[in-house]
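Peer 1: Quick one, start.cif (mmCIF, C-alpha atoms):
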```
data_run
#
loop_
_atom_site.label_atom_id
_atom_site.label_comp_id
_atom_site.auth_asym_id
_atom_site.auth_seq_id
_atom_site.Cartn_x
_atom_site.Cartn_y
_atom_site.Cartn_z
CA MET A 1 0.51 2.95 17.43
CA THR A 2 -0.46 4.96 20.48
CA TYR A 3 -0.07 8.67 20.96
CA ASP A 4 2.52 8.12 23.70
CA ALA A 5 4.51 5.82 21.43
CA LEU A 6 4.61 8.56 18.80
CA ARG A 7 6.07 11.02 21.34
CA ARG A 8 8.73 8.66 22.73
CA GLY A 9 12.22 9.69 21.69
CA ARG A 10 11.02 12.78 19.80
CA TYR A 11 13.56 15.56 19.61
CA SER A 12 13.33 18.82 17.72
CA ALA A 13 16.09 21.19 16.71
CA PRO A 14 15.55 24.75 15.47
CA GLY A 15 16.85 25.14 11.93
CA ASN A 16 16.28 21.47 11.10
CA ALA A 17 13.89 20.35 8.37
CA TYR A 18 10.95 18.11 9.28
CA HIS A 19 8.42 16.17 7.22
CA VAL A 20 5.23 15.96 9.25
CA THR A 21 2.00 14.10 8.51
CA ILE A 22 -1.15 15.12 10.37
CA VAL A 23 -4.38 13.13 9.89
CA THR A 24 -7.97 14.25 10.38
CA ALA A 25 -10.12 12.68 13.08
CA GLU A 26 -11.60 9.42 11.82
CA ARG A 27 -9.96 10.23 8.47
CA ALA A 28 -12.85 12.53 7.60
CA PRO A 29 -12.26 14.05 4.12
CA LEU A 30 -12.58 17.61 5.43
CA PHE A 31 -10.22 19.08 2.85
CA SER A 32 -12.33 18.03 -0.11
CA ASP A 33 -14.05 21.35 0.67
CA LEU A 34 -12.12 24.26 -0.87
CA PHE A 35 -12.79 26.64 2.04
CA HIS A 36 -11.64 24.10 4.61
CA ALA A 37 -8.48 23.43 2.60
CA ARG A 38 -7.68 27.12 2.24
CA ALA A 39 -8.08 27.60 6.01
CA ILE A 40 -5.31 25.04 6.55
CA VAL A 41 -3.09 26.74 3.97
CA GLY A 42 -3.70 30.05 5.73
CA GLU A 43 -2.61 28.61 9.05
CA MET A 44 0.61 27.23 7.54
CA ARG A 45 1.31 30.71 6.16
CA ARG A 46 0.69 32.26 9.58
CA CYS A 47 3.24 29.86 11.09
CA ASP A 48 5.77 30.99 8.48
CA GLN A 49 4.97 34.68 8.98
CA ALA A 50 5.47 34.32 12.73
CA ALA A 51 8.88 32.69 12.06
CA ARG A 52 7.77 29.46 13.70
CA SER A 53 8.42 27.63 10.42
CA ALA A 54 9.77 28.09 6.92
CA THR A 55 7.68 25.93 4.62
CA LEU A 56 9.52 24.09 1.85
CA ALA A 57 6.68 21.96 0.45
CA TRP A 58 3.23 20.70 1.35
CA ALA A 59 0.40 18.59 -0.01
CA LEU A 60 -3.04 18.73 1.56
CA MET A 61 -4.89 15.51 0.86
CA PRO A 62 -8.63 15.10 1.56
CA ASP A 63 -7.97 13.62 5.01
CA HIS A 64 -4.39 14.52 5.92
CA LEU A 65 -1.58 17.03 5.52
CA HIS A 66 2.02 16.40 4.47
CA TRP A 67 4.16 19.39 5.46
CA LEU A 68 7.91 19.82 4.96
CA PHE A 69 9.35 22.80 6.80
CA VAL A 70 12.38 24.14 8.61
CA LEU A 71 11.71 24.67 12.29
CA GLY A 72 12.06 28.28 13.38
CA PRO A 73 14.19 29.54 16.26
CA ASP A 74 12.93 29.33 19.84
CA VAL A 75 10.13 26.86 19.09
CA SER A 76 9.86 23.10 19.45
CA LEU A 77 8.25 20.80 16.93
CA ALA A 78 5.62 19.84 19.51
CA LYS A 79 4.81 23.50 20.23
CA ILE A 80 4.40 24.55 16.60
CA LEU A 81 2.21 21.55 15.78
CA HIS A 82 0.10 21.90 18.92
CA GLY A 83 -0.55 25.55 18.02
CA PHE A 84 -1.15 24.79 14.35
CA LYS A 85 -3.62 22.02 15.10
CA GLY A 86 -5.46 24.09 17.72
CA ARG A 87 -5.79 27.24 15.62
CA SER A 88 -6.74 25.36 12.46
CA ALA A 89 -9.31 23.24 14.35
CA ARG A 90 -10.98 26.35 15.76
CA GLU A 91 -11.17 27.89 12.29
CA LEU A 92 -12.51 24.71 10.69
CA ASN A 93 -15.13 24.34 13.40
CA ARG A 94 -16.14 27.96 12.78
CA LEU A 95 -16.46 27.25 9.05
CA ARG A 96 -18.37 24.01 9.66
CA GLY A 97 -20.73 25.68 12.12
CA GLY A 98 -20.05 23.32 14.95
CA LEU A 99 -17.63 21.78 17.34
CA GLY A 100 -15.87 18.50 17.20
CA PRO A 101 -12.48 16.97 16.69
CA VAL A 102 -10.72 17.95 13.50
CA TRP A 103 -7.38 16.19 13.93
CA GLN A 104 -6.30 12.83 15.29
CA ARG A 105 -4.14 13.01 18.39
CA GLY A 106 -0.45 13.19 17.65
CA TYR A 107 1.33 13.31 14.32
CA HIS A 108 4.05 11.49 12.45
CA ASP A 109 7.30 13.35 11.98
CA HIS A 110 10.56 12.66 10.24
CA ALA A 111 13.61 14.81 10.97
CA VAL A 112 15.50 15.28 7.72
CA ARG A 113 19.04 14.06 8.31
CA GLY A 114 22.09 15.73 6.83
CA GLN A 115 22.67 13.02 4.24
CA GLU A 116 19.06 13.05 3.01
CA ASP A 117 18.06 15.04 -0.04
CA VAL A 118 15.38 17.62 0.81
CA LEU A 119 14.47 17.91 -2.88
CA THR A 120 13.74 14.18 -3.10
CA ILE A 121 11.54 14.37 0.01
CA ALA A 122 9.72 17.42 -1.37
CA ARG A 123 9.10 15.73 -4.72
CA TYR A 124 7.77 12.62 -3.00
CA LEU A 125 5.52 14.70 -0.78
CA VAL A 126 3.92 16.78 -3.54
CA GLY A 127 3.48 13.68 -5.70
CA ASN A 128 0.99 12.20 -3.23
CA PRO A 129 -2.15 13.39 -5.09
CA LEU A 130 -0.90 11.59 -8.24
CA ARG A 131 -0.09 8.36 -6.40
CA ALA A 132 -3.47 8.48 -4.63
CA GLY A 133 -5.22 8.75 -8.01
CA LEU A 134 -6.85 12.08 -7.18
CA VAL A 135 -5.62 13.60 -10.46
CA ASP A 136 -3.85 12.51 -13.64
CA ASP A 137 -1.60 15.57 -13.68
CA LEU A 138 -0.25 17.38 -10.64
CA GLY A 139 -1.20 20.70 -12.24
CA GLN A 140 -4.84 19.69 -11.77
CA TYR A 141 -4.52 19.43 -7.99
CA PRO A 142 -5.03 22.75 -6.18
CA HIS A 143 -3.74 21.92 -2.69
CA TRP A 144 0.03 21.68 -2.84
CA ASP A 145 3.01 23.98 -3.18
CA ALA A 146 6.79 23.97 -2.95
CA VAL A 147 9.52 26.55 -2.91
CA TRP A 148 12.26 26.35 -5.45
CA LEU A 149 15.15 24.30 -4.10
CA PRO A 150 18.53 24.38 -5.83
#
```
Kindly return the structure encoded in the file as structure tokens.
Peer 2:
Amino acid sequence: MTYDALRRGRYSAPGNAYHVTIVTAERAPLFSDLFHARAIVGEMRRCDQAARSATLAWALMPDHLHWLFVLGPDVSLAKILHGFKGRSARELNRLRGGLGPVWQRGYHDHAVRGQEDVLTIARYLVGNPLRAGLVDDLGQYPHWDAVWLP
């Protein structure tokens, strides 16, 4: 699928929940490194603190990020992800001591529809390390989190 095909028909609405998947360039396992992983977590937190997003759940796999969040006011999905990817890439390149692509172009997004259950999506998302065989118990995996959802 091309980058342009991913963008076709994309619409974002402030206050709507989105499940986004962002993949590293060439699927490099950058987030197997604790410091690289924590840099990504820090950037998600900065997006929340700036009211660009309100994170509900996330799982950072060795070569990609699953992120479920509510889009903040006055920001588009494309704008938040462009900023997130740019800032996190600069930080990772600083940590790695070099330059180079960190993320693949584009991203996959799913707008959570009214009839969908956010809790089910969050549980699926944070269960990825188990399904990938990275750990036997989710408590062993350090790179995920979720807010309590009623």
Peer 1: Given the file shown, enumerate the residues that the PyMOL selection byres ((chain A and resi 15) around 9) captures and present them as a PyMOL selection string.
Peer 2: chain A and resi 13-14+16-17+53+70-73
Peer 1: Suppose we keep C-alpha atoms; can you now write the selection as an mmCIF file, keeping the file's coordinate frame?
Peer 2:
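As a result, result_28.cif now contains:
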```cif
data_model
loop_
_atom_site.group_PDB
_atom_site.id
_atom_site.type_symbol
_atom_site.label_atom_id
_atom_site.label_comp_id
_atom_site.auth_asym_id
_atom_site.auth_seq_id
_atom_site.Cartn_x
_atom_site.Cartn_y
_atom_site.Cartn_z
ATOM 1 C CA ALA A 13 16.090 21.190 16.710
ATOM 2 C CA PRO A 14 15.550 24.750 15.470
ATOM 3 C CA ASN A 16 16.280 21.470 11.100
ATOM 4 C CA ALA A 17 13.890 20.350 8.370
ATOM 5 C CA SER A 53 8.420 27.630 10.420
ATOM 6 C CA VAL A 70 12.380 24.140 8.610
ATOM 7 C CA LEU A 71 11.710 24.670 12.290
ATOM 8 C CA GLY A 72 12.060 28.280 13.380
ATOM 9 C CA PRO A 73 14.190 29.540 16.260
#
```
Peer 1: Tell me which protein, DNA and RNA residues are within 12 Å of Val102 of chain A, counting all atoms listed in the file, leaving out same-chain ones fewer than 2 positions away, and put them as a ChimeraX atom specification.
Peer 2: /A:22-31,36,40,63-64,84-96,98-100,104-105
Peer 1: Which residue, A:Gly97, A:Arg45, A:Ala37, A:Asp109, has the smallest gap to Tyr18 of chain A when you use all atoms listed in the file?
Peer 2: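 Smallest distance to Tyr18 of chain A is found for A:Asp109.
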Peer 1: Could you tell me which residues the PyMOL selection byres ((chain A and resi 50) around 12) returns for this structure, as a PDB file with C-alpha atoms, in the coordinates of the input?
Peer 2:
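Full text of out19.pdb as output:
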```pdb
ATOM      1  CA  GLU A  43      -2.610  28.610   9.050  1.00  0.00           C
ATOM      2  CA  MET A  44       0.610  27.230   7.540  1.00  0.00           C
ATOM      3  CA  ARG A  45       1.310  30.710   6.160  1.00  0.00           C
ATOM      4  CA  ARG A  46       0.690  32.260   9.580  1.00  0.00           C
ATOM      5  CA  CYS A  47       3.240  29.860  11.090  1.00  0.00           C
ATOM      6  CA  ASP A  48       5.770  30.990   8.480  1.00  0.00           C
ATOM      7  CA  GLN A  49       4.970  34.680   8.980  1.00  0.00           C
ATOM      8  CA  ALA A  51       8.880  32.690  12.060  1.00  0.00           C
ATOM      9  CA  ARG A  52       7.770  29.460  13.700  1.00  0.00           C
ATOM     10  CA  SER A  53       8.420  27.630  10.420  1.00  0.00           C
ATOM     11  CA  ALA A  54       9.770  28.090   6.920  1.00  0.00           C
ATOM     12  CA  THR A  55       7.680  25.930   4.620  1.00  0.00           C
ATOM     13  CA  LEU A  71      11.710  24.670  12.290  1.00  0.00           C
ATOM     14  CA  GLY A  72      12.060  28.280  13.380  1.00  0.00           C
ATOM     15  CA  PRO A  73      14.190  29.540  16.260  1.00  0.00           C
ATOM     16  CA  ASP A  74      12.930  29.330  19.840  1.00  0.00           C
ATOM     17  CA  VAL A  75      10.130  26.860  19.090  1.00  0.00           C
ATOM     18  CA  ILE A  80       4.400  24.550  16.600  1.00  0.00           C
ATOM     19  CA  GLY A  83      -0.550  25.550  18.020  1.00  0.00           C
ATOM     20  CA  PHE A  84      -1.150  24.790  14.350  1.00  0.00           C
TER      21      PHE A  84
END
```
Peer 1: When you count only C-alpha atoms, which of these residues is closest to His66 of chain A: A:Gly133, A:Pro101, A:Gly127, A:Gly139?
Peer 2: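 Answer, going by the shortest atom-to-atom distance: A:Gly127.
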Peer 1: So how far away is atom CA of Ala111 of chain A from atom CA of His143 of chain A, in Å?
Peer 2: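 Distance reported for this atom pair: 23.2 Å.
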